[in-house]
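Undergrad: My file is run-v9.txt. It has compact mmCIF, C-alpha atoms:
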```txt
# COMPACT_ATOMS: atom_id res chain seq x y z
CA MET A 1 15.88 6.80 -2.56
CA ALA A 2 15.47 6.48 -6.31
CA TYR A 3 13.56 8.02 -9.21
CA GLN A 4 11.99 6.28 -12.16
CA ALA A 5 12.39 7.89 -15.57
CA ASN A 6 12.21 6.40 -19.06
CA GLY A 7 11.86 2.94 -17.56
CA LYS A 8 15.17 3.31 -15.71
CA THR A 9 15.86 3.58 -12.01
CA VAL A 10 18.12 6.46 -10.97
CA GLU A 11 19.69 6.25 -7.51
CA THR A 12 19.96 9.18 -5.12
CA ASP A 13 21.57 9.68 -1.73
CA GLU A 14 19.45 9.94 1.40
CA GLU A 15 18.80 13.64 0.79
CA GLY A 16 17.67 13.13 -2.80
CA TYR A 17 20.80 14.24 -4.70
CA LEU A 18 21.72 12.04 -7.66
CA VAL A 19 24.48 9.57 -6.88
CA ASN A 20 25.77 9.72 -10.45
CA ILE A 21 25.49 13.06 -12.26
CA ASN A 22 25.80 11.27 -15.61
CA GLU A 23 22.41 9.64 -15.07
CA TRP A 24 20.70 13.03 -15.30
CA SER A 25 18.24 13.73 -18.10
CA GLU A 26 15.42 16.23 -18.53
CA GLU A 27 13.00 13.42 -17.65
CA VAL A 28 14.89 12.73 -14.42
CA ALA A 29 14.84 16.47 -13.66
CA GLY A 30 11.07 16.44 -14.18
CA GLU A 31 10.68 13.60 -11.67
CA ILE A 32 12.84 15.32 -9.05
CA ALA A 33 10.88 18.56 -9.56
CA LYS A 34 7.62 16.66 -9.07
CA ALA A 35 8.92 15.26 -5.79
CA GLU A 36 9.91 18.80 -4.76
CA GLN A 37 6.43 20.01 -5.76
CA ILE A 38 7.77 22.42 -8.33
CA ALA A 39 6.02 22.93 -11.66
CA MET A 40 8.88 23.50 -14.07
CA SER A 41 8.46 26.67 -16.17
CA PRO A 42 10.91 28.06 -18.76
CA GLU A 43 12.24 30.29 -15.95
CA HIS A 44 12.94 27.25 -13.78
CA TRP A 45 14.70 25.53 -16.66
CA GLU A 46 16.78 28.62 -17.27
CA VAL A 47 18.21 28.43 -13.73
CA VAL A 48 18.64 24.65 -13.84
CA ASN A 49 20.46 24.85 -17.18
CA PHE A 50 22.59 27.69 -15.87
CA LEU A 51 23.64 25.55 -12.90
CA ARG A 52 24.49 22.63 -15.16
CA GLU A 53 26.63 24.85 -17.35
CA TYR A 54 28.36 26.30 -14.30
CA TYR A 55 29.05 22.82 -12.99
CA SER A 56 30.41 21.54 -16.26
CA GLU A 57 32.72 24.54 -16.45
CA TYR A 58 33.97 24.60 -12.84
CA GLN A 59 33.10 21.18 -11.33
CA ILE A 60 31.29 22.71 -8.35
CA ALA A 61 27.84 24.02 -7.48
CA PRO A 62 28.21 27.77 -6.87
CA ALA A 63 27.57 29.50 -3.55
CA ILE A 64 24.32 31.46 -3.64
CA ARG A 65 25.96 34.89 -3.90
CA VAL A 66 28.22 33.63 -6.65
CA LEU A 67 25.19 32.21 -8.45
CA THR A 68 23.23 35.48 -8.23
CA LYS A 69 26.23 37.45 -9.46
CA ALA A 70 26.84 35.09 -12.37
CA ILE A 71 23.16 35.05 -13.33
CA SER A 72 23.02 38.87 -13.23
CA LYS A 73 25.91 38.96 -15.63
CA LYS A 74 24.38 36.49 -18.05
CA LEU A 75 20.61 36.90 -17.74
CA GLY A 76 20.19 40.39 -16.32
CA ALA A 77 20.08 41.93 -12.84
CA GLU A 78 16.38 41.27 -12.17
CA LYS A 79 17.02 37.52 -12.42
CA GLY A 80 20.23 37.65 -10.45
CA SER A 81 18.58 38.29 -7.11
CA ASN A 82 17.83 36.14 -4.08
CA LYS A 83 14.18 37.19 -4.30
CA TYR A 84 13.78 35.95 -7.87
CA LEU A 85 15.51 32.64 -7.16
CA TYR A 86 13.55 32.00 -3.97
CA GLU A 87 10.28 32.70 -5.79
CA LEU A 88 11.18 29.98 -8.26
CA PHE A 89 12.64 27.60 -5.66
CA PRO A 90 10.94 28.37 -2.33
CA TYR A 91 13.12 25.97 -0.31
CA GLY A 92 16.27 27.57 -1.67
CA PRO A 93 18.22 27.27 -4.91
CA ALA A 94 20.78 25.06 -3.12
CA LYS A 95 18.26 22.60 -1.88
CA GLN A 96 16.05 22.50 -4.93
CA ALA A 97 17.61 23.85 -8.12
CA CYS A 98 20.89 21.95 -7.67
CA LYS A 99 18.99 18.79 -6.86
CA ILE A 100 16.82 19.14 -9.97
CA ALA A 101 19.93 19.93 -12.04
CA GLY A 102 21.44 16.62 -10.87
CA LEU A 103 24.39 18.33 -9.17
CA PRO A 104 26.01 16.93 -6.04
CA LYS A 105 25.22 18.54 -2.73
CA PRO A 106 26.84 21.97 -2.82
CA THR A 107 30.11 22.41 -0.93
CA GLY A 108 29.53 24.06 2.41
CA CYS A 109 25.79 23.70 2.33
CA VAL A 110 24.47 22.54 5.71
CA MET B 1 65.64 -12.20 -14.20
CA SER B 2 65.56 -8.83 -12.53
CA LEU B 3 63.41 -6.71 -10.26
CA LEU B 4 60.64 -4.29 -11.08
CA HIS B 5 60.87 -1.25 -8.82
CA THR B 6 57.78 0.95 -8.50
CA VAL B 7 57.77 4.53 -7.19
CA ALA B 8 54.40 6.12 -6.30
CA LYS B 9 55.42 9.22 -4.32
CA SER B 10 56.62 12.63 -5.43
CA PRO B 11 60.42 12.79 -5.28
CA PHE B 12 60.14 16.43 -4.17
CA GLU B 13 58.37 15.35 -1.01
CA ARG B 14 59.89 11.98 -0.12
CA ASP B 15 63.08 10.09 -0.85
CA ALA B 16 61.38 7.06 -2.46
CA LEU B 17 62.85 7.73 -5.92
CA SER B 18 66.25 8.53 -4.51
CA SER B 19 66.38 5.29 -2.51
CA CYS B 20 65.10 3.37 -5.50
CA LEU B 21 67.91 4.70 -7.67
CA ASP B 22 70.49 3.86 -4.98
CA LEU B 23 69.17 0.35 -4.39
CA SER B 24 68.31 -0.84 -7.87
CA LEU B 25 70.81 -2.79 -9.98
CA PRO B 26 71.69 -2.28 -13.62
CA GLY B 27 69.23 -4.30 -15.69
CA ALA B 28 66.30 -3.57 -13.38
CA ALA B 29 63.07 -1.90 -14.47
CA ILE B 30 61.68 1.18 -12.71
CA LEU B 31 58.03 2.21 -13.08
CA LEU B 32 56.89 5.64 -11.89
CA TYR B 33 53.17 6.00 -11.15
CA GLU B 34 50.76 8.24 -9.19
CA ASP B 35 52.79 11.19 -7.83
CA GLY B 36 55.94 9.27 -8.70
CA VAL B 37 55.55 10.41 -12.32
CA TYR B 38 56.77 13.89 -11.35
CA GLY B 39 60.28 12.48 -11.05
CA ALA B 40 60.58 12.17 -14.83
CA LEU B 41 59.86 15.86 -15.59
CA LYS B 42 62.23 17.38 -18.11
CA GLY B 43 64.06 20.31 -16.56
CA GLY B 44 63.10 19.10 -13.10
CA ARG B 45 65.43 18.59 -10.16
CA PHE B 46 65.60 14.80 -10.74
CA ALA B 47 65.98 14.89 -14.52
CA GLU B 48 69.74 14.42 -14.52
CA ARG B 49 69.85 11.56 -12.03
CA LEU B 50 67.05 9.77 -13.84
CA ALA B 51 68.62 10.28 -17.25
CA GLU B 52 71.80 8.72 -15.86
CA ALA B 53 69.80 5.76 -14.51
CA ALA B 54 68.08 5.34 -17.89
CA LYS B 55 71.43 4.28 -19.37
CA THR B 56 71.44 1.06 -17.37
CA ARG B 57 67.82 0.54 -16.29
CA ALA B 58 64.51 0.47 -18.16
CA LEU B 59 62.34 3.43 -17.11
CA TYR B 60 58.55 3.43 -17.40
CA VAL B 61 55.81 5.90 -16.51
CA LEU B 62 52.10 5.11 -16.11
CA GLY B 63 50.21 7.03 -18.83
CA PRO B 64 46.86 7.61 -17.08
CA ASP B 65 48.65 9.19 -14.09
CA LEU B 66 50.63 11.42 -16.43
CA LYS B 67 47.49 12.58 -18.27
CA ALA B 68 45.57 13.20 -15.05
CA ARG B 69 48.35 15.57 -13.93
CA GLY B 70 48.27 17.56 -17.17
CA LEU B 71 51.64 16.24 -18.36
CA GLY B 72 52.27 15.23 -21.96
CA GLU B 73 55.05 12.85 -22.98
CA ASP B 74 56.89 15.88 -24.36
CA ARG B 75 57.42 17.04 -20.76
CA LEU B 76 59.42 13.93 -19.84
CA ILE B 77 63.14 13.30 -20.06
CA ALA B 78 64.30 11.16 -22.99
CA GLY B 79 64.47 7.40 -22.58
CA VAL B 80 61.24 6.92 -20.63
CA THR B 81 58.52 4.57 -21.95
CA VAL B 82 54.87 5.36 -21.24
CA VAL B 83 52.73 2.31 -20.41
CA ASP B 84 49.03 1.78 -19.63
CA TYR B 85 47.55 -0.34 -16.82
CA ARG B 86 47.94 -3.48 -18.93
CA GLY B 87 51.60 -2.64 -19.43
CA PHE B 88 51.97 -2.27 -15.64
CA VAL B 89 50.58 -5.77 -15.13
CA GLU B 90 52.81 -7.21 -17.84
CA LEU B 91 55.88 -5.64 -16.26
CA ALA B 92 54.97 -7.11 -12.89
CA ALA B 93 54.47 -10.55 -14.43
CA LYS B 94 57.70 -10.40 -16.38
CA HIS B 95 60.00 -9.68 -13.44
CA GLN B 96 61.18 -11.97 -10.70
CA ALA B 97 59.75 -9.73 -7.96
CA VAL B 98 58.37 -6.24 -7.36
CA GLN B 99 59.89 -3.79 -4.92
CA ALA B 100 57.40 -0.98 -4.15
CA TRP B 101 58.96 2.30 -2.99
CA CYS B 102 56.15 4.22 -1.31
CA MET C 1 25.59 27.04 -2.13
CA MET C 2 25.75 28.47 1.36
CA ASP C 3 22.65 28.76 3.45
CA GLU C 4 21.27 32.27 3.47
CA ASP C 5 21.38 32.71 7.23
CA ARG C 6 25.06 31.77 7.41
CA THR C 7 25.95 34.31 4.76
CA ASP C 8 23.92 37.00 6.46
CA GLU C 9 25.52 36.25 9.78
CA ALA C 10 28.97 36.61 8.26
CA GLU C 11 28.11 39.86 6.57
CA GLY C 12 26.44 41.27 9.68
CA GLY C 13 29.30 40.14 11.91
CA SER C 14 31.90 42.22 13.65
CA GLY C 15 33.23 43.56 10.36
CA ILE C 16 36.83 42.78 11.26
CA VAL C 17 38.69 41.66 8.17
CA LYS C 18 41.72 39.48 8.81
CA LYS C 19 44.48 38.46 6.46
CA PHE C 20 44.01 34.75 5.75
CA MET C 21 46.53 32.60 3.95
CA TYR C 22 45.94 29.08 2.68
CA VAL C 23 49.19 27.32 1.84
CA ASN C 24 49.01 24.50 -0.72
CA ARG C 25 52.06 22.23 -0.65
CA LYS C 26 50.73 18.93 -2.01
CA ALA C 27 50.32 17.49 -5.51
CA PRO C 28 46.66 17.17 -6.56
CA TYR C 29 45.71 13.47 -6.85
CA GLY C 30 48.14 11.37 -4.80
CA THR C 31 46.56 12.57 -1.55
CA VAL C 32 43.31 14.33 -0.66
CA TYR C 33 44.96 17.46 0.85
CA ALA C 34 44.73 19.68 -2.25
CA LEU C 35 41.02 19.07 -2.71
CA GLU C 36 40.35 19.51 1.02
CA VAL C 37 42.07 22.90 1.08
CA LEU C 38 40.14 24.00 -2.00
CA GLU C 39 36.83 23.07 -0.36
CA MET C 40 37.82 24.89 2.81
CA VAL C 41 38.64 27.99 0.75
CA LEU C 42 35.29 27.87 -1.05
CA ILE C 43 33.36 27.51 2.20
CA SER C 44 35.27 30.27 3.96
CA ALA C 45 34.73 32.64 1.00
CA ALA C 46 31.34 33.48 2.54
CA PHE C 47 33.05 35.22 5.46
CA ASP C 48 34.50 38.08 3.43
CA GLN C 49 38.06 37.95 4.70
CA ASP C 50 41.23 39.06 2.93
CA VAL C 51 42.14 35.70 1.42
CA HIS C 52 45.57 34.81 0.01
CA LEU C 53 46.19 31.48 -1.71
CA VAL C 54 49.75 30.24 -1.90
CA PHE C 55 50.95 27.37 -4.08
CA THR C 56 54.45 26.28 -3.20
CA ASP C 57 56.54 23.07 -3.33
CA ASP C 58 54.39 20.31 -4.93
CA GLY C 59 51.36 22.60 -4.53
CA VAL C 60 52.30 24.25 -7.84
CA PHE C 61 51.28 20.98 -9.55
CA GLU C 62 47.66 21.72 -8.52
CA LEU C 63 47.54 24.52 -11.08
CA LYS C 64 48.98 22.60 -14.05
CA LYS C 65 46.94 23.15 -17.20
CA GLY C 66 45.49 20.33 -19.28
CA MET C 67 44.60 17.69 -16.68
CA GLU C 68 42.53 14.75 -17.94
CA THR C 69 41.52 12.53 -15.07
CA ALA C 70 39.09 10.07 -16.71
CA GLY C 71 41.86 7.44 -16.83
CA ILE C 72 42.34 7.42 -13.05
CA GLY C 73 38.64 7.66 -12.19
CA MET C 74 38.88 10.92 -10.22
CA LYS C 75 37.22 14.30 -10.60
CA ASN C 76 39.38 16.91 -12.33
CA PHE C 77 39.09 19.71 -9.79
CA SER C 78 41.67 21.96 -11.43
CA ASN C 79 38.82 23.77 -13.23
CA THR C 80 37.46 24.83 -9.86
CA TYR C 81 40.46 27.15 -9.37
CA ARG C 82 39.07 29.14 -12.30
CA ALA C 83 35.83 29.66 -10.33
CA LEU C 84 37.68 31.40 -7.47
CA GLU C 85 37.51 34.76 -9.22
CA GLY C 86 33.70 34.57 -8.97
CA TYR C 87 34.16 34.07 -5.22
CA ASP C 88 36.25 37.29 -5.09
CA ILE C 89 39.37 35.28 -4.33
CA GLU C 90 41.93 36.81 -6.63
CA LYS C 91 45.15 36.85 -4.63
CA LEU C 92 46.99 33.75 -5.82
CA TYR C 93 50.74 33.38 -5.36
CA VAL C 94 53.31 30.93 -6.67
CA ASP C 95 57.02 30.99 -6.00
CA GLN C 96 59.51 30.90 -8.85
CA GLU C 97 61.82 28.41 -7.17
CA SER C 98 59.06 25.80 -6.86
CA LEU C 99 58.26 26.17 -10.56
CA ASP C 100 61.91 26.04 -11.58
CA GLU C 101 62.87 22.86 -9.78
CA ARG C 102 59.86 21.11 -11.33
CA GLY C 103 60.55 22.16 -14.90
CA LEU C 104 57.38 24.30 -14.96
CA ALA C 105 56.77 27.87 -16.11
CA GLU C 106 54.06 30.44 -15.37
CA ALA C 107 52.52 29.65 -18.78
CA ASP C 108 51.79 26.09 -17.55
CA LEU C 109 49.27 27.37 -14.98
CA ILE C 110 45.49 27.29 -15.38
CA VAL C 111 44.81 30.64 -13.63
CA PRO C 112 46.58 34.01 -13.43
CA VAL C 113 48.92 34.16 -10.44
CA THR C 114 51.50 36.48 -8.97
CA VAL C 115 54.92 34.86 -9.15
CA LEU C 116 57.14 35.73 -6.20
CA SER C 117 60.61 34.74 -5.11
CA ARG C 118 60.80 32.60 -1.98
CA ALA C 119 62.11 35.60 -0.08
CA GLU C 120 59.09 37.67 -1.14
CA MET C 121 56.80 34.77 -0.23
CA ALA C 122 58.34 34.60 3.23
CA LYS C 123 57.70 38.31 3.70
CA LEU C 124 54.05 37.97 2.61
CA MET C 125 53.56 35.00 4.95
CA GLY C 126 54.92 37.09 7.78
CA GLU C 127 52.15 39.65 7.29
CA MET C 128 49.25 37.22 7.84
CA ASP C 129 46.86 36.97 10.79
CA VAL C 130 45.77 33.40 10.11
CA ILE C 131 47.63 30.70 8.13
CA LEU C 132 46.22 27.30 7.23
CA SER C 133 48.47 24.82 5.51
CA ALA C 134 48.33 21.37 3.95
```
As structure tokens, how would this structure be written, given the file I've shared?
TA:
Amino acid sequence: MAYQANGKTVETDEEGYLVNINEWSEEVAGEIAKAEQIAMSPEHWEVVNFLREYYSEYQIAPAIRVLTKAISKKLGAEKGSNKYLYELFPYGPAKQACKIAGLPKPTGCV
Amino acid sequence: MSLLHTVAKSPFERDALSSCLDLSLPGAAILLYEDGVYGALKGGRFAERLAEAAKTRALYVLGPDLKARGLGEDRLIAGVTVVDYRGFVELAAKHQAVQAWC
Amino acid sequence: MMDEDRTDEAEGGSGIVKKFMYVNRKAPYGTVYALEVLEMVLISAAFDQDVHLVFTDDGVFELKKGMETAGIGMKNFSNTYRALEGYDIEKLYVDQESLDERGLAEADLIVPVTVLSRAEMAKLMGEMDVILSA
């Protein structure tokens, strides 16, 4: 699989995760979101940017309960819930938000 | 001409460094790389033996492996030269043969 | 991220909490053991057990501050140890003897740990229900 953004081809693995996280850009994120049938709103971007910050700090994609806890802390309890995240990313934050954020497949995600 | 000895394993886990020190001659060069770099730690268990070896042998450590492990040159015993990959290749080319202790 | 159903299953399980210990004895980049144990710990964090992480022998090198791995083309996973707190894994132990013979001190480590003597470590190990080591 591959995405086209800014005239460049960006490779992904067979499940659609970027092969090289350094090839991520907001344009690439937009293309992945389109393929996932998600219309990116400021709320979507907030979660995607949060994940990217988390990854750059710790070098892993967080487990869902760790993500909700960390988001609660930073953005408030109403956003740090499974319900809120699943409304934004119906197929799951792991499957969709991490993919859009250009992160590798989360550790332990089946 | 003399030999270049390379040591890639941690001396705390295997006896590669120890054997290298026993079986290298004065005038030889010894390059520590990968987990082998831990042998040159100041205050470490091998510091004394290596410092003794440094009197008669040229000791080198591979810089990128040192950096990756969070070790600055200030953490090494005196008398060790830090080289980059190019330096590794030059050492190999300069010596009659390479003995790899792994 | 863990799948929701797996997390729920763990939380709705038998409720028995066992004492788990993961023993790290290998330096970080020369072999893949250190990274593999870390991944195992992160995955198992979903099961809400009483987790103890031990760093002994060359395992203490895993926690060395200031790693820069760009030059060897590998991911610097030492920052991931700082994420463990967010996974409620806060019982980290190092033994003084392993630090000493490597010329390291507690101040060299990237995360807060409890420093024990080897005798104290042996006692702690003896209290575990499950021990996994690499």
Undergrad: Pick out the residues sitting within 7 Å of His52 (chain C), and hand them over as a PyMOL selection string; count all atoms listed in the file, and ignore anything fewer than 3 positions along from it in its own chain.
TA: chain C and resi 20-22+91-92
Undergrad: Show which residues sit within 7 Å of Gly44 (chain B), as a VMD selection string. Count all atoms listed in the file, and ignore same-chain residues fewer than 4 positions away.
TA: chain C and resid 101 to 103
Undergrad: What is the distance between CA of Asp129 (chain C) and CA of Leu38 (chain C), in Å to one decimal?
TA: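 Calculated distance between CA of Asp129 (chain C) and CA of Leu38 (chain C) is 19.4 Å.
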Undergrad: Check which residues of chain C sit at most 10 Å from chain B using only C-alpha atoms, and return one row each with the closest pair of atoms and their distance in Å to one decimal, ordered by chain and rising number, as a tab-separated table.
TA:
```
residue	atom	partner	partner_atom	distance
C:Arg25	CA	B:Glu13	CA	9.3
C:Lys26	CA	B:Glu13	CA	8.5
C:Ala27	CA	B:Asp35	CA	7.2
C:Pro28	CA	B:Arg69	CA	7.7
C:Tyr29	CA	B:Asp35	CA	7.5
C:Gly30	CA	B:Asp35	CA	5.6
C:Thr31	CA	B:Asp35	CA	9.0
C:Asp57	CA	B:Phe12	CA	7.6
C:Asp58	CA	B:Phe12	CA	7.0
C:Phe61	CA	B:Arg69	CA	7.6
C:Glu62	CA	B:Arg69	CA	8.2
C:Leu63	CA	B:Gly70	CA	9.3
C:Lys64	CA	B:Gly70	CA	6.0
C:Lys65	CA	B:Gly70	CA	5.7
C:Gly66	CA	B:Gly70	CA	4.5
C:Met67	CA	B:Gly70	CA	3.7
C:Glu68	CA	B:Ala68	CA	4.5
C:Thr69	CA	B:Ala68	CA	4.1
C:Ala70	CA	B:Ala68	CA	7.4
C:Gly71	CA	B:Pro64	CA	5.0
C:Ile72	CA	B:Pro64	CA	6.1
C:Gly73	CA	B:Ala68	CA	9.3
C:Met74	CA	B:Ala68	CA	8.6
C:Lys75	CA	B:Ala68	CA	9.5
C:Asn76	CA	B:Ala68	CA	7.7
C:Ser78	CA	B:Arg69	CA	9.6
C:Ser98	CA	B:Phe12	CA	9.8
C:Leu99	CA	B:Gly44	CA	8.9
C:Asp100	CA	B:Gly44	CA	7.2
C:Glu101	CA	B:Arg45	CA	5.0
C:Arg102	CA	B:Gly44	CA	4.2
C:Gly103	CA	B:Gly43	CA	4.3
C:Leu104	CA	B:Gly43	CA	7.9
C:Asp108	CA	B:Gly70	CA	9.2
```
Undergrad: Let me see the file: selected residues, C-alpha atoms, as a compact mmCIF listing (two decimals), in the frame of the given file.
TA:
```txt
# COMPACT_ATOMS: atom_id res chain seq x y z
CA ARG C 25 52.06 22.23 -0.65
CA LYS C 26 50.73 18.93 -2.01
CA ALA C 27 50.32 17.49 -5.51
CA PRO C 28 46.66 17.17 -6.56
CA TYR C 29 45.71 13.47 -6.85
CA GLY C 30 48.14 11.37 -4.80
CA THR C 31 46.56 12.57 -1.55
CA ASP C 57 56.54 23.07 -3.33
CA ASP C 58 54.39 20.31 -4.93
CA PHE C 61 51.28 20.98 -9.55
CA GLU C 62 47.66 21.72 -8.52
CA LEU C 63 47.54 24.52 -11.08
CA LYS C 64 48.98 22.60 -14.05
CA LYS C 65 46.94 23.15 -17.20
CA GLY C 66 45.49 20.33 -19.28
CA MET C 67 44.60 17.69 -16.68
CA GLU C 68 42.53 14.75 -17.94
CA THR C 69 41.52 12.53 -15.07
CA ALA C 70 39.09 10.07 -16.71
CA GLY C 71 41.86 7.44 -16.83
CA ILE C 72 42.34 7.42 -13.05
CA GLY C 73 38.64 7.66 -12.19
CA MET C 74 38.88 10.92 -10.22
CA LYS C 75 37.22 14.30 -10.60
CA ASN C 76 39.38 16.91 -12.33
CA SER C 78 41.67 21.96 -11.43
CA SER C 98 59.06 25.80 -6.86
CA LEU C 99 58.26 26.17 -10.56
CA ASP C 100 61.91 26.04 -11.58
CA GLU C 101 62.87 22.86 -9.78
CA ARG C 102 59.86 21.11 -11.33
CA GLY C 103 60.55 22.16 -14.90
CA LEU C 104 57.38 24.30 -14.96
CA ASP C 108 51.79 26.09 -17.55
```
Undergrad: Could you give me, as a list in words, the residues within 12 Å of Asp50 (chain C), counting only C-alpha atoms and dropping anything in the same chain fewer than 3 positions from it?
TA: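 The residues that qualify are Gly15, Ile16, Val17, Lys18, Lys19, Phe20, Met21, Tyr22, Val41, Ser44, Ala45, Ala46, Phe47, Leu53, Tyr87, Asp88, Ile89, Glu90, Lys91, Leu92, Glu127, Met128, Asp129, Val130 and Ile131 of chain C.
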Undergrad: Which distance in Å separates CA of Asp95 (chain C) and CA of Leu116 (chain C), to one decimal?
TA: 4.7 Å
Undergrad: Counting only C-alpha atoms, which residues in chain A sit no more than 10 Å from chain C? For each one, give the nearest pair of atoms and the distance in Å, sorted by chain then residue number, as a Markdown table.
TA:
```
| residue | atom | partner | partner_atom | distance |
| --- | --- | --- | --- | --- |
| A:Tyr54 | CA | C:Ala83 | CA | 9.1 |
| A:Tyr55 | CA | C:Thr80 | CA | 9.2 |
| A:Ser56 | CA | C:Asn79 | CA | 9.2 |
| A:Glu57 | CA | C:Asn79 | CA | 6.9 |
| A:Tyr58 | CA | C:Thr80 | CA | 4.6 |
| A:Gln59 | CA | C:Thr80 | CA | 5.9 |
| A:Ile60 | CA | C:Thr80 | CA | 6.7 |
| A:Ala61 | CA | C:Met1 | CA | 6.5 |
| A:Pro62 | CA | C:Met1 | CA | 5.5 |
| A:Ala63 | CA | C:Met1 | CA | 3.5 |
| A:Ile64 | CA | C:Met1 | CA | 4.8 |
| A:Arg65 | CA | C:Met1 | CA | 8.1 |
| A:Val66 | CA | C:Gly86 | CA | 6.0 |
| A:Leu67 | CA | C:Met1 | CA | 8.2 |
| A:Lys69 | CA | C:Gly86 | CA | 8.0 |
| A:Ala70 | CA | C:Gly86 | CA | 7.7 |
| A:Asn82 | CA | C:Glu4 | CA | 9.2 |
| A:Gly92 | CA | C:Asp3 | CA | 8.3 |
| A:Pro93 | CA | C:Met1 | CA | 7.9 |
| A:Ala94 | CA | C:Met1 | CA | 5.3 |
| A:Lys95 | CA | C:Met1 | CA | 8.6 |
| A:Cys98 | CA | C:Met1 | CA | 8.9 |
| A:Lys105 | CA | C:Met1 | CA | 8.5 |
| A:Pro106 | CA | C:Met1 | CA | 5.3 |
| A:Thr107 | CA | C:Met1 | CA | 6.6 |
| A:Gly108 | CA | C:Ile43 | CA | 5.2 |
| A:Cys109 | CA | C:Met2 | CA | 4.9 |
| A:Val110 | CA | C:Asp3 | CA | 6.9 |
```
Undergrad: So how many Å separate CA of Val37 (chain C) and CA of Leu32 (chain B), to one decimal?
TA: 26.2 Å
Undergrad: So which residues fall inside 9 Å of (67.0, -13.4, -12.8) if we count only C-alpha atoms? Mind giving them as a PyMOL selection string?
TA: chain B and resi 1-3+95-96
Undergrad: Quick one: of B:Thr6, B:Glu73, B:Glu90, B:Ser18, who's nearest to Leu59 (chain B), counting all atoms listed in the file?
TA: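 Among the listed residues, the smallest separation from Leu59 (chain B) belongs to B:Thr6.
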Undergrad: Could you pull the residues within 8 Å of Asn49 (chain A), counting only C-alpha atoms, minus those fewer than 4 positions along the same chain, as a ChimeraX atom specification?
TA: /A:45,53,101
Undergrad: Excluding Gln96 (chain A) and any residue of its chain fewer than 5 positions from it, enumerate the residues within 10 Å of it, using all atoms listed in the file, and give them as a PyMOL selection string.
TA: chain A and resi 16-17+32-33+36-38+48+86+88-91+101-102
Undergrad: Return the single residue from A:Ser25, A:Leu103, A:Ile71, A:Val19 that is closest to Glu46 (chain A), with distances computed using all atoms listed in the file.
TA: A:Ile71
Undergrad: The residues within 9 Å of (21.8, 2.2, -3.6), using all atoms listed in the file and the coordinates of the file, should be reported as a PDB file with C-alpha atoms, keeping the file's coordinate frame; which are they?
TA:
```pdb
ATOM      1  CA  MET A   1      15.880   6.800  -2.560  1.00  0.00           C
ATOM      2  CA  ALA A   2      15.470   6.480  -6.310  1.00  0.00           C
ATOM      3  CA  GLU A  11      19.690   6.250  -7.510  1.00  0.00           C
ATOM      4  CA  THR A  12      19.960   9.180  -5.120  1.00  0.00           C
ATOM      5  CA  ASP A  13      21.570   9.680  -1.730  1.00  0.00           C
ATOM      6  CA  VAL A  19      24.480   9.570  -6.880  1.00  0.00           C
TER       7      VAL A  19
END
```
Undergrad: Enclose all atoms of region 7-15 of chain A listed in the file in an axis-aligned box, grow every side by 5 Å, and hand back centre and edge lengths in Å to one decimal, as AutoDock Vina command-line options.
TA:
```
--center_x 16.7 --center_y 8.3 --center_z -8.1 --size_x 19.7 --size_y 20.7 --size_z 29.0
```
